[in-house]
Structures are given as C-alpha cells and as structure tokens.
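Q: Below you'll find my_file-v8.txt; it's compact mmCIF, C-alpha atoms and all ligand atoms.
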```
# COMPACT_ATOMS: atom_id res chain seq x y z
CA MET L 8 56.77 0.52 147.16
CA LYS L 9 57.42 -2.19 144.64
CA ILE L 10 55.42 -3.47 141.67
CA LEU L 11 54.74 -7.18 141.97
CA SER L 12 52.84 -7.24 138.71
CA LEU L 13 51.27 -5.05 136.07
CA ARG L 14 48.64 -6.72 133.94
CA LEU L 15 46.98 -5.29 130.85
CA ARG L 16 44.13 -6.44 128.69
CA SER L 17 43.14 -4.58 125.53
CA PHE L 18 45.02 -1.52 126.70
CA ARG L 19 46.37 0.74 123.90
CA SER L 20 48.70 -1.34 121.69
CA TYR L 21 48.60 -4.34 124.07
CA GLU L 22 46.18 -7.18 123.74
CA GLN L 23 47.42 -9.04 126.79
CA LEU L 24 50.51 -8.43 128.89
CA GLN L 25 51.99 -9.16 132.27
CA LEU L 26 55.06 -7.38 133.58
CA CYS L 27 56.80 -8.26 136.87
CA PRO L 28 59.69 -5.82 137.10
CA PRO L 29 62.59 -6.47 139.50
CA ASP L 30 63.75 -3.99 142.17
CA GLY L 31 65.67 -1.01 140.87
CA VAL L 32 65.58 0.34 137.34
CA THR L 33 63.74 -1.48 134.55
CA VAL L 34 64.51 -0.06 131.12
CA LEU L 35 61.92 -0.21 128.34
CA VAL L 36 63.69 0.35 125.06
CA GLY L 37 62.11 0.45 121.62
CA GLU L 38 61.47 2.48 118.53
CA ASN L 39 59.10 5.44 118.41
CA GLY L 40 55.55 4.16 118.63
CA ALA L 41 56.62 0.76 120.03
CA GLY L 42 54.38 1.11 123.10
CA LYS L 43 56.79 2.21 125.86
CA THR L 44 54.82 5.19 127.14
CA ASN L 45 51.66 3.07 127.01
CA LEU L 46 53.10 0.96 129.83
CA LEU L 47 53.88 3.96 132.02
CA GLU L 48 50.42 5.31 131.26
CA ALA L 49 48.90 2.05 132.54
CA VAL L 50 50.73 2.44 135.85
CA HIS L 51 49.66 6.09 136.03
CA LEU L 52 46.05 5.06 135.43
CA CYS L 53 46.16 2.71 138.41
CA CYS L 54 47.72 5.34 140.67
CA LEU L 55 45.63 8.36 139.66
CA GLY L 56 42.56 6.96 137.95
CA LYS L 57 43.42 8.66 134.69
CA SER L 58 45.99 8.99 131.97
CA HIS L 59 48.77 11.54 132.14
CA ARG L 60 48.34 12.37 128.46
CA THR L 61 44.69 12.13 127.50
CA GLY L 62 41.52 13.42 129.11
CA ASN L 63 39.49 10.84 127.25
CA ASP L 64 39.59 7.41 128.89
CA ARG L 65 38.36 5.74 125.72
CA ASP L 66 41.61 6.60 123.94
CA MET L 67 43.25 3.94 126.10
CA ILE L 68 40.98 1.11 124.96
CA ARG L 69 42.63 -0.97 122.28
CA SER L 70 41.10 -0.25 118.88
CA GLY L 71 38.28 -2.69 118.23
CA ALA L 72 37.85 -3.79 121.87
CA ASP L 73 34.81 -2.83 124.02
CA SER L 74 36.74 -2.57 127.26
CA ALA L 75 40.24 -2.31 128.66
CA ALA L 76 41.52 -3.62 131.97
CA VAL L 77 44.64 -2.73 133.90
CA GLN L 78 45.67 -4.26 137.19
CA LEU L 79 48.59 -3.19 139.33
CA THR L 80 49.75 -5.12 142.38
CA VAL L 81 52.26 -3.43 144.65
CA LYS L 82 54.00 -4.52 147.80
CA ARG L 83 54.22 -1.91 150.51
CA GLU L 84 55.52 -1.95 154.05
CA ASP L 85 51.99 -2.58 155.32
CA GLY L 86 51.25 -5.38 152.85
CA VAL L 87 50.10 -5.99 149.30
CA HIS L 88 47.77 -3.51 147.57
CA ASP L 89 45.97 -4.43 144.43
CA VAL L 90 44.37 -1.79 142.22
CA GLY L 91 42.39 -2.39 139.04
CA VAL L 92 40.78 -0.07 136.53
CA ARG L 93 38.36 -1.10 133.84
CA LEU L 94 37.34 1.22 131.01
CA TYR L 95 34.37 0.78 128.71
CA GLU L 96 33.78 1.90 125.16
CA ALA L 97 30.02 2.29 125.72
CA GLN L 98 29.17 5.89 126.66
CA ARG L 99 26.78 4.93 129.43
CA ARG L 100 29.21 2.64 131.28
CA LYS L 101 31.37 4.39 133.83
CA LYS L 102 34.90 3.31 134.57
CA LEU L 103 35.19 0.81 137.37
CA ILE L 104 37.80 0.81 140.08
CA TYR L 105 38.76 -2.32 141.99
CA ILE L 106 40.65 -2.20 145.26
CA ASN L 107 41.94 -5.54 146.51
CA GLY L 108 39.44 -7.36 144.34
CA LYS L 109 36.35 -5.37 145.36
CA THR L 110 34.61 -2.72 143.27
CA ALA L 111 35.14 0.68 144.85
CA PRO L 112 32.00 2.80 145.29
CA ARG L 113 33.82 6.01 144.37
CA ILE L 114 36.82 6.78 142.18
CA GLY L 115 38.56 8.59 145.02
CA GLU L 116 39.02 5.30 146.85
CA LEU L 117 41.81 4.55 144.40
CA PHE L 118 44.14 7.20 145.75
CA GLY L 119 46.96 6.27 148.09
CA HIS L 120 47.21 2.54 147.37
CA ALA L 121 49.76 2.63 144.57
CA THR L 122 51.43 6.00 144.08
CA ALA L 123 53.74 7.25 141.36
CA VAL L 124 55.53 10.28 140.06
CA ILE L 125 55.99 10.52 136.31
CA PHE L 126 58.72 12.54 134.59
CA SER L 127 58.15 13.30 130.94
CA PRO L 128 59.38 15.82 128.38
CA GLU L 129 56.09 17.73 128.82
CA ASP L 130 57.11 18.63 132.37
CA LEU L 131 58.73 21.76 130.96
CA ARG L 132 55.19 23.05 130.66
CA THR L 133 54.92 23.09 134.46
CA VAL L 134 57.44 25.91 134.42
CA ARG L 135 56.59 27.61 131.13
CA ASP L 136 52.83 27.45 130.66
CA GLY L 137 49.97 29.17 132.43
CA PRO L 138 48.74 28.68 136.02
CA GLU L 139 46.45 25.74 135.22
CA VAL L 140 49.37 23.35 134.68
CA ARG L 141 50.80 24.26 138.09
CA ARG L 142 47.41 23.81 139.77
CA HIS L 143 47.21 20.43 138.06
CA PHE L 144 50.68 19.57 139.33
CA MET L 145 49.62 20.40 142.91
CA ASP L 146 46.29 18.61 142.56
CA MET L 147 47.78 15.37 141.23
CA LEU L 148 50.18 15.27 144.11
CA LEU L 149 47.68 16.22 146.80
CA CYS L 150 45.09 13.69 145.59
CA GLN L 151 47.65 10.92 145.94
CA ARG L 152 48.52 12.19 149.38
CA GLN L 153 45.00 12.22 150.78
CA LYS L 154 41.74 11.25 149.21
CA SER L 155 39.87 13.87 151.23
CA TYR L 156 41.67 16.40 149.00
CA PHE L 157 40.28 14.70 145.92
CA TYR L 158 36.75 14.86 147.32
CA ALA L 159 37.12 18.55 148.20
CA LEU L 160 38.44 19.25 144.71
CA GLN L 161 35.57 17.32 143.16
CA MET L 162 33.06 19.30 145.23
CA TYR L 163 34.70 22.61 144.38
CA THR L 164 34.87 21.86 140.66
CA ALA L 165 31.22 20.77 140.52
CA ALA L 166 30.06 23.85 142.47
CA LEU L 167 32.10 26.12 140.23
CA ARG L 168 30.63 24.55 137.12
CA HIS L 169 27.10 25.01 138.43
CA ARG L 170 27.74 28.56 139.57
CA ASN L 171 29.25 29.56 136.21
CA ALA L 172 26.31 27.99 134.37
CA LEU L 173 23.94 29.91 136.62
CA LEU L 174 25.77 33.18 135.94
CA LYS L 175 25.14 32.71 132.24
CA GLY L 176 21.35 32.56 132.79
CA GLU L 177 18.65 34.88 134.11
CA ASP L 178 17.62 33.16 137.30
CA LEU L 179 20.23 33.75 140.00
CA ARG L 180 18.23 32.45 142.94
CA GLN L 181 20.51 29.46 143.54
CA LEU L 182 23.66 31.54 143.68
CA ASP L 183 23.79 31.57 147.50
CA ALA L 184 23.61 27.79 147.65
CA TRP L 185 26.55 27.36 145.26
CA ASP L 186 28.53 30.04 147.07
CA GLU L 187 28.15 28.02 150.24
CA GLU L 188 29.46 24.85 148.52
CA LEU L 189 32.42 26.77 147.09
CA CYS L 190 33.28 28.22 150.48
CA ARG L 191 33.16 24.83 152.19
CA ALA L 192 35.39 23.17 149.59
CA ALA L 193 37.84 26.07 149.33
CA GLY L 194 39.19 25.52 152.86
CA PRO L 195 40.91 22.18 152.32
CA LEU L 196 42.15 23.21 148.86
CA VAL L 197 43.82 26.38 150.05
CA GLN L 198 45.24 24.85 153.23
CA CYS L 199 46.70 21.81 151.48
CA ARG L 200 48.14 23.82 148.59
CA ARG L 201 49.66 26.41 150.88
CA ALA L 202 51.34 23.77 153.03
CA LEU L 203 52.52 21.90 149.96
CA ALA L 204 54.02 25.01 148.39
CA GLY L 205 56.07 25.55 151.54
CA GLU L 206 57.39 21.99 151.42
CA LEU L 207 58.07 22.18 147.69
CA ASP L 208 59.98 25.40 148.12
CA ARG L 209 62.37 23.86 150.64
CA CYS L 210 63.00 20.70 148.56
CA CYS L 211 63.07 22.37 145.11
CA ARG L 212 65.82 24.72 146.19
CA ASP L 213 68.08 21.82 147.19
CA HIS L 214 67.31 19.72 144.14
CA TYR L 215 67.93 22.67 141.85
CA LEU L 216 71.29 23.35 143.44
CA TYR L 217 72.26 19.70 143.24
CA ILE L 218 71.16 19.04 139.65
CA GLY L 219 72.06 22.44 138.31
CA GLY L 220 75.40 22.38 140.08
CA LYS L 221 75.60 26.19 140.37
CA ASP L 222 75.38 27.45 143.91
CA ASP L 223 74.58 31.05 143.05
CA GLU L 224 71.15 30.17 141.61
CA VAL L 225 68.27 30.03 144.04
CA PHE L 226 65.11 28.40 142.75
CA SER L 227 62.06 29.25 144.74
CA VAL L 228 58.38 28.25 144.76
CA ALA L 229 55.63 30.29 146.40
CA TYR L 230 51.88 29.86 146.64
CA ARG L 231 49.85 32.59 144.96
CA GLY L 232 46.11 33.05 145.14
CA HIS L 233 43.31 35.28 146.40
CA LEU L 234 43.42 33.44 149.72
CA GLU L 235 47.17 32.90 150.02
CA ASN L 236 47.45 34.57 153.43
CA SER L 237 43.94 34.01 154.66
CA PRO L 238 43.72 32.89 158.30
CA ASP L 239 40.05 31.88 157.83
CA VAL L 240 39.56 30.59 154.29
CA TYR L 241 35.83 29.94 154.65
CA ALA L 242 35.06 33.46 155.85
CA ASP L 243 37.43 35.17 153.42
CA MET L 244 36.11 33.14 150.50
CA ARG L 245 32.60 34.20 151.46
CA ARG L 246 33.61 37.86 151.64
CA GLY L 247 35.53 37.56 148.35
CA LEU L 248 32.56 36.04 146.52
CA GLU L 249 30.24 38.69 147.89
CA ARG L 250 32.54 41.49 146.85
CA ALA L 251 33.01 40.01 143.38
CA ARG L 252 29.37 39.16 142.82
CA GLU L 253 28.46 42.14 140.68
CA GLU L 254 31.47 41.66 138.48
CA ASP L 255 30.82 37.92 138.29
CA ILE L 256 27.29 38.59 137.07
CA ARG L 257 28.56 41.05 134.52
CA ARG L 258 31.34 38.73 133.29
CA GLN L 259 29.18 35.60 133.68
CA THR L 260 31.95 33.72 135.43
CA THR L 261 33.43 33.27 138.91
CA THR L 262 36.41 35.57 139.29
CA PHE L 263 37.37 34.89 142.91
CA GLY L 264 38.68 31.69 144.49
CA PRO L 265 41.34 28.96 144.42
CA HIS L 266 40.51 27.98 140.82
CA ARG L 267 42.71 31.00 140.03
CA ASP L 268 45.63 29.82 142.19
CA ASP L 269 49.18 29.58 140.93
CA LEU L 270 52.70 28.76 142.03
CA ASN L 271 55.12 31.59 141.58
CA LEU L 272 58.46 30.23 140.34
CA THR L 273 61.53 32.39 140.62
CA LEU L 274 65.24 32.00 140.01
CA SER L 275 67.28 34.23 142.30
CA GLY L 276 64.28 36.53 142.55
CA ASN L 277 63.49 36.72 138.82
CA ASP L 278 60.32 35.33 137.32
CA MET L 279 61.26 31.95 135.87
CA ARG L 280 58.88 32.19 132.90
CA ALA L 281 60.29 35.45 131.63
CA PHE L 282 63.88 34.99 132.66
CA ALA L 283 65.09 31.39 132.55
CA SER L 284 67.08 29.68 129.81
CA GLN L 285 66.04 26.35 128.31
CA GLY L 286 68.43 24.44 130.57
CA GLN L 287 67.31 26.33 133.66
CA VAL L 288 63.67 25.59 132.84
CA ARG L 289 64.52 21.90 132.51
CA THR L 290 66.41 21.82 135.80
CA ALA L 291 63.53 23.63 137.50
CA ALA L 292 60.97 21.18 136.11
CA LEU L 293 63.04 18.23 137.27
CA SER L 294 63.48 19.79 140.71
CA MET L 295 59.74 20.22 141.05
CA LYS L 296 59.14 16.58 140.18
CA LEU L 297 61.82 15.44 142.61
CA ALA L 298 60.22 17.61 145.27
CA ALA L 299 56.84 16.02 144.48
CA PHE L 300 58.52 12.68 144.92
CA ASP L 301 59.91 13.70 148.33
CA ALA L 302 56.52 14.98 149.42
CA LEU L 303 54.87 11.63 148.66
CA GLU L 304 57.70 9.68 150.23
CA LYS L 305 57.38 11.76 153.39
CA THR L 306 53.62 11.22 153.75
CA GLN L 307 53.76 7.52 153.07
CA GLY L 308 56.98 6.67 154.83
CA GLU L 309 58.19 4.90 151.68
CA PRO L 310 59.04 6.02 148.17
CA PRO L 311 56.38 5.99 145.43
CA LEU L 312 57.02 4.39 142.04
CA LEU L 313 59.06 6.37 139.59
CA LEU L 314 58.18 6.60 135.89
CA LEU L 315 60.80 8.23 133.70
CA ASP L 316 59.50 8.75 130.19
CA ASP L 317 62.18 9.67 127.70
CA VAL L 318 63.88 12.14 130.02
CA LEU L 319 67.48 10.96 130.03
CA SER L 320 68.20 11.89 126.41
CA GLU L 321 67.38 15.50 127.28
CA LEU L 322 70.00 15.71 130.00
CA ASP L 323 73.74 16.02 129.75
CA PRO L 324 75.66 13.07 131.29
CA GLU L 325 76.44 14.87 134.52
CA ARG L 326 72.85 15.94 135.21
CA ARG L 327 71.68 12.46 134.21
CA ARG L 328 74.05 10.92 136.75
CA ARG L 329 72.84 13.31 139.42
CA LEU L 330 69.17 12.63 138.73
CA LEU L 331 69.62 8.86 138.81
CA GLY L 332 71.74 9.15 141.95
CA ARG L 333 68.88 10.91 143.73
CA VAL L 334 66.42 8.10 143.06
CA LYS L 335 68.53 4.98 143.16
CA HIS L 336 66.61 3.53 146.13
CA VAL L 337 63.41 3.54 144.11
CA GLN L 338 61.74 1.10 141.76
CA THR L 339 61.78 2.81 138.40
CA LEU L 340 60.37 2.20 134.93
CA LEU L 341 62.42 4.11 132.41
CA THR L 342 61.82 4.43 128.68
CA CYS L 343 64.33 5.27 125.95
CA THR L 344 64.74 4.75 122.24
CA ASP L 345 68.47 4.27 122.36
CA LEU L 346 70.51 2.34 124.92
CA SER L 347 73.30 4.89 124.65
CA ASP L 348 71.03 7.25 126.65
CA LEU L 349 71.64 4.99 129.62
CA THR L 350 75.25 5.94 130.33
CA GLY L 351 75.39 6.47 134.06
CA ALA L 352 72.35 4.29 134.76
CA ASP L 353 72.66 0.86 136.30
CA PRO L 354 69.56 -1.02 135.16
CA ALA L 355 68.39 -4.23 136.81
CA CYS L 356 66.61 -5.30 133.66
CA ILE L 357 66.38 -4.16 130.03
CA LEU L 358 63.27 -5.03 128.08
CA LYS L 359 62.86 -4.54 124.37
CA VAL L 360 59.38 -3.33 123.45
CA GLU L 361 58.22 -4.47 120.04
CA ASN L 362 54.89 -5.45 118.44
CA GLY L 363 53.01 -5.40 121.72
CA THR L 364 55.43 -7.76 123.49
CA LEU L 365 58.40 -7.43 125.83
CA THR L 366 61.65 -9.37 125.47
CA GLU L 367 64.43 -9.31 128.05
CA ILE L 368 67.68 -8.31 126.40
CA GLY L 369 69.87 -7.57 129.39
CA GLY L 370 70.24 -6.28 132.89
N1 LIG Q 1 43.76 2.70 121.57
C1 LIG Q 1 44.77 2.15 120.89
N2 LIG Q 1 44.64 0.95 120.28
C2 LIG Q 1 45.66 0.40 119.60
N3 LIG Q 1 46.86 0.95 119.48
C3 LIG Q 1 47.06 2.13 120.07
C4 LIG Q 1 46.04 2.80 120.81
N4 LIG Q 1 46.52 3.95 121.27
C5 LIG Q 1 47.79 4.03 120.85
N5 LIG Q 1 48.13 2.94 120.11
C6 LIG Q 1 49.40 2.66 119.50
O1 LIG Q 1 50.42 2.74 120.48
C7 LIG Q 1 51.59 3.27 119.89
C8 LIG Q 1 52.11 4.42 120.70
O2 LIG Q 1 52.62 3.91 121.87
P1 LIG Q 1 53.55 4.76 122.82
O3 LIG Q 1 53.08 6.13 122.94
O4 LIG Q 1 53.68 3.93 124.04
O5 LIG Q 1 54.91 4.74 121.98
P2 LIG Q 1 56.37 4.97 122.53
O6 LIG Q 1 57.09 3.67 122.48
O7 LIG Q 1 56.34 5.66 123.82
O8 LIG Q 1 56.94 5.92 121.38
P3 LIG Q 1 57.90 7.22 121.49
O9 LIG Q 1 59.29 6.70 121.58
O10 LIG Q 1 57.67 7.90 120.18
O11 LIG Q 1 57.48 8.02 122.66
C9 LIG Q 1 51.28 3.74 118.51
O12 LIG Q 1 51.81 2.83 117.60
C10 LIG Q 1 49.77 3.72 118.49
O13 LIG Q 1 49.30 3.40 117.22
MG MG Q 2 56.74 7.59 124.38
```
Before we go any further, please render this structure as structure tokens.
A:
Amino acid sequence: MKILSLRLRSFRSYEQLQLCPPDGVTVLVGENGAGKTNLLEAVHLCCLGKSHRTGNDRDMIRSGADSAAVQLTVKREDGVHDVGVRLYEAQRRKKLIYINGKTAPRIGELFGHATAVIFSPEDLRTVRDGPEVRRHFMDMLLCQRQKSYFYALQMYTAALRHRNALLKGEDLRQLDAWDEELCRAAGPLVQCRRALAGELDRCCRDHYLYIGGKDDEVFSVAYRGHLENSPDVYADMRRGLERAREEDIRRQTTTFGPHRDDLNLTLSGNDMRAFASQGQVRTAALSMKLAAFDALEKTQGEPPLLLLDDVLSELDPERRRRLLGRVKHVQTLLTCTDLSDLTGADPACILKVENGTLTEIGG
C-alpha cells in the first residue's frame, strides 16, 4: 500500500496541507510541538476513524475552525482507494466518512481501505498496563482486518452499556433481551481474538528473538478470557451470564464476558508485567506491533502503512537497524526531533516540519 496523497484542512496545527510521500521512508523532523505527530494522527484517523491519542474528535479541529477535513488516497494492488473524514465542532453534527468520494452510511465502512500500524513511545503500555490496553490493541487490529468485527464490537459494547445501566436500576425486565444481544456479539469477538492471539504468538516469538538478539528468551502471547476454550461461545456465554446473574445484580455490573479478556504475555514462562526489564518491555512492545503488522499484511496480501512516531531515539543502534531492516519494503512515515536518530535508516525523503509547513531538506 502506498500513499498517493494526504490532504489536511484545519486539522490540528495545519490550516491547509498536502503531502505526497515517495516510496520508502519519509522522515518528518522538527522541534517538539512542530506538528509531526499531528501528521501521523491524520493518517491514523483515515485508517481507523479515530485518533490514536485522543478520544475526543474535536481536539483535532484547528482552534477557531468549525470543521476539519482529512483525505488520504492510497494505491493498492487492486486500485486506488480514497478515504476522507470530516469532523465538526458543533455537538449535533456527527463525523462524516467518505469512501471514494461518496458519504459512507456507517463509520465501519472506513475499515480496510487504507490500513496502518503506528509505533509510538506509548506502546510500552501494551505490555505494562492493565488488560484494557491489550483488548484495544486486538480490537484496533481486528477492525482493520474485517469490518464485521467492528460491527460485532459495536453491538457488544452497546448491549453491555445498556445491560450495566439496567443493573443499576430497579426494573430488570429487559435483562433477557440484552443478554441475547451480548451472546450474539460475543461469538465473533471471541473467535477472532482467539485466532489472532495464536497468530501473534507465533510472530511475536520470532520478532522478539530477532530484535532482542538473545536466543534464550522466549516471548509468548496467549489469549485469556472466560470463553478462551469455549467450543460454543454463544451457548457458553449464555450459561456464564445466567450463572453470574445474581452477582451481577448485586454488583450492578456485568462480570462475565469478553469485555474482561486479556492477552497473557510471558518471557520464558514468567509474567512479563512483573518480571521484565525496561529493555525487555520495549522489545516485547515492538514485537507485538511487528506481529500486528504481519497479521494485516497476511490478510490483505500487501503491507499496510507504517507510522513510526519518535521510536528510533529509544532504541540502541543495533535494535534500530534490526527494526528498520524488518520493514524496509514498506512505505513509512517516521518522526524524529534530531537527524542523528536516523543512523542506520535510509530515508527516501527528509521533510522539516515548522510553523505548519513542510520543507524538503534531503533524501
Ligand atoms: N486543535 C488544534 N489547533 C491548533 N493547534 C493545535 C491543535 N492541537 C494541537 N495543536 C498544536 O500542535 C502542536 C503539537 O503537534 P504535535 O503533537 O504533532 O508535535 P510534535 O512535532 O509531534 O512534537 P513532539 O516532538 O514533542 O512529539 C502543538 O504546538 C499544539 O499547540
Ligand atoms: Mg510527537
């Protein structure tokens, strides 16, 4: 997949911008706050319908503007795909998605046209923090893989919200109806996550060995959840909800189901969160992202876009060389504050980011 153009209007620090990056690595260099991450965020928005760093779409609208527009055109093996997102300041106006020039009826239609994997310093959280970041990691990947996953997730999340609201009240008559919705949506979630975890485990192990360079460390990823081994997710979800019902009513929340899923990360059998050093955590996080990249490449038959936000400075030269070696066939947007972070990289183009504009300074 290759970006033909990225166009922004009133997006973050940019009033108007068009970027047509060449094949290979495009470096965005600039001071802190220059607007480098903003550009990666714009690509992420077109691939996933939301920012990777804010849950509030309005944050991305340039201060003082009433709307923001981002348009990403990519060339794929099957032709050109054009994705646009428009955000509005007004509370009552929903974001609009355009696919090949037409307004999409549902946000989910965005998935799978342009796809990307972003690496950022916050990835360490995928290893260190609680289960929700690992569910988010799986969800972001699975939504890009198939939009039916997004719709199942949307249905599950809505049913869960309704059920939890109901559990906080007196009238529980609708509980059966929401249980049914949860059971129907749980199937695709559990099946896709379980299959993904298996794939990730195989790839992560290799990437960890390669980047870490120590062959006695085995990094492993396993799916954990109430339904991890269930042969019939619908039926087992139903049984689980029934069994938990009394407790759910007492605790006023849903205690059983894939919204409690996790990925169990281990290094040579030891729990990563409790056991791993800083460097091991970083290598594990990178391996997971590389495995996510492989998973998307495998489904689509071509590599997704790669967004590397400020990650090279965190790596020693050898690991940097290994990371870049793994993805050299891929169109990449890479940010840094200092060109000396690029040792080992072979950029096709270097752009200086300053005052909302881009200037080519090398390649
Ligand atoms: N909605 C907005 N309207 C106008 N400017 C914004 C908006 N949101 C963010 N900015 C500006 O964008 C800049 C931050 O951009 P960005 O996060 O891309 O910086 P960066 O180059 O990645 O910096 P760093 O090297 O520190 O990561 C800040 O100067 C901020 O004031
Ligand atoms: Mg940044």
Q: Please, which residues are within 10 Å of (69.1, 11.0, 137.1) by the file's coordinates, counting all atoms listed in the file, and could they come as number ranges by chain?
A: L: 218, 293, 315, 318-319, 322, 324-335, 349, 351-352
Q: For Met279 of chain L, find every residue with an atom within 9 Å (counting all atoms listed in the file), except residues of its own chain fewer than 4 positions away, and show them as a list in words.
A: Val134, Arg135, Phe226, Asn271, Leu272, Thr273, Leu274, Ala283, Ser284, Gln287, Val288 and Ala291 of chain L
Q: Neighbours of Val50 of chain L within 12 Å (only C-alpha atoms; same-chain residues fewer than 2 positions away dropped), as JSON, numbers by chain?
A: {"L": [9, 10, 12, 13, 14, 15, 18, 26, 43, 44, 45, 46, 47, 48, 52, 53, 54, 55, 56, 57, 58, 59, 76, 77, 78, 79, 80, 81, 89, 90, 91, 92, 121, 122, 123, 124, 125, 311, 312, 313, 314, 315, 339, 340]}
Q: Which residues, written as an mmCIF file with C-alpha atoms, in the coordinates of the input, have at least one atom at most 6 Å from segment 231-246 of chain L, with all atoms listed in the file counted and residues fewer than 3 positions away on the same chain left out?
A:
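The result, stored in part-v8.cif:
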```cif
data_model
loop_
_atom_site.group_PDB
_atom_site.id
_atom_site.type_symbol
_atom_site.label_atom_id
_atom_site.label_comp_id
_atom_site.auth_asym_id
_atom_site.auth_seq_id
_atom_site.Cartn_x
_atom_site.Cartn_y
_atom_site.Cartn_z
ATOM 1 C CA CYS L 190 33.280 28.220 150.480
ATOM 2 C CA GLY L 194 39.190 25.520 152.860
ATOM 3 C CA GLU L 249 30.240 38.690 147.890
ATOM 4 C CA ASP L 268 45.630 29.820 142.190
ATOM 5 C CA ASP L 269 49.180 29.580 140.930
ATOM 6 C CA LEU L 270 52.700 28.760 142.030
#
```
Q: Please determine, counting all atoms listed in the file, which residue among L:Asp317, L:Gln181, L:Ser155, L:Arg170 has the shortest atom-to-atom distance to Pro195 of chain L.
A: L:Ser155
Q: Report the distance between atom CA of Glu309 of chain L and atom CA of His214 of chain L in Å, rounded to one decimal place.
A: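 We find that atom CA of Glu309 of chain L and atom CA of His214 of chain L lie 19.0 Å from each other.
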Q: Show me as a ChimeraX atom specification the residues that reach within 8 Å of (38.3, 23.4, 149.2), counting only C-alpha atoms and using the file's own coordinates.
A: /L:156,159-160,162-163,189-197,265
Q: If we count all atoms listed in the file and set the cut-off at 8 Å, which residues sit around His169 of chain L, ignoring sequence neighbours fewer than 4 positions away in its own chain? Please answer as a PyMOL selection string.
A: chain L and resi 165+173+185
Q: Could you name the residues that touch Ser17 of chain L at 9 Å or less, counting only C-alpha atoms, but leaving out those on the same chain fewer than 4 positions away, as a list in words?
A: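 These residues fall inside the cut-off: Tyr21, Glu22, Gln23, Leu24, Met67, Ile68, Arg69, Ser70, Gly71, Ala72, Asp73, Ser74, Ala75, Ala76 and Val77 of chain L.
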Q: Could those selected residues go to a file with C-alpha atoms, as a CSV table (one decimal), keeping the file's coordinate frame?
A:
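And here's out_32.csv as it stands now:
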```
chain,number,residue,atom,x,y,z
L,21,TYR,CA,48.6,-4.3,124.1
L,22,GLU,CA,46.2,-7.2,123.7
L,23,GLN,CA,47.4,-9.0,126.8
L,24,LEU,CA,50.5,-8.4,128.9
L,67,MET,CA,43.2,3.9,126.1
L,68,ILE,CA,41.0,1.1,125.0
L,69,ARG,CA,42.6,-1.0,122.3
L,70,SER,CA,41.1,-0.2,118.9
L,71,GLY,CA,38.3,-2.7,118.2
L,72,ALA,CA,37.8,-3.8,121.9
L,73,ASP,CA,34.8,-2.8,124.0
L,74,SER,CA,36.7,-2.6,127.3
L,75,ALA,CA,40.2,-2.3,128.7
L,76,ALA,CA,41.5,-3.6,132.0
L,77,VAL,CA,44.6,-2.7,133.9
```
Q: Between L:Asp130, L:Glu304, L:Asp316, L:Glu321, single out the one closest to ligand LIG 1 (chain Q), counting all atoms listed in the file.
A: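 Checking each of L:Asp130, L:Glu304, L:Asp316, L:Glu321 against ligand LIG 1 (chain Q), counting all atoms listed in the file, the winner is L:Asp316.
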Q: When you draw a straight line from atom CA of Arg113 of chain L to atom CA of Ala49 of chain L, how long is it in Å?
A: 19.6 Å
Q: Looking at L:Asp64, L:Glu116, L:Glu224, L:Asp186, which one is nearest to Leu94 of chain L, with distances taken over only C-alpha atoms?
A: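 Closest to Leu94 of chain L of all the choices is L:Asp64.
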Q: So which one's closest to Arg60 of chain L, L:Gly137, L:Ser127, L:Arg257, L:Gln151? Using all atoms listed in the file, please.
A: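 The answer is L:Ser127, which sits nearest to Arg60 of chain L.
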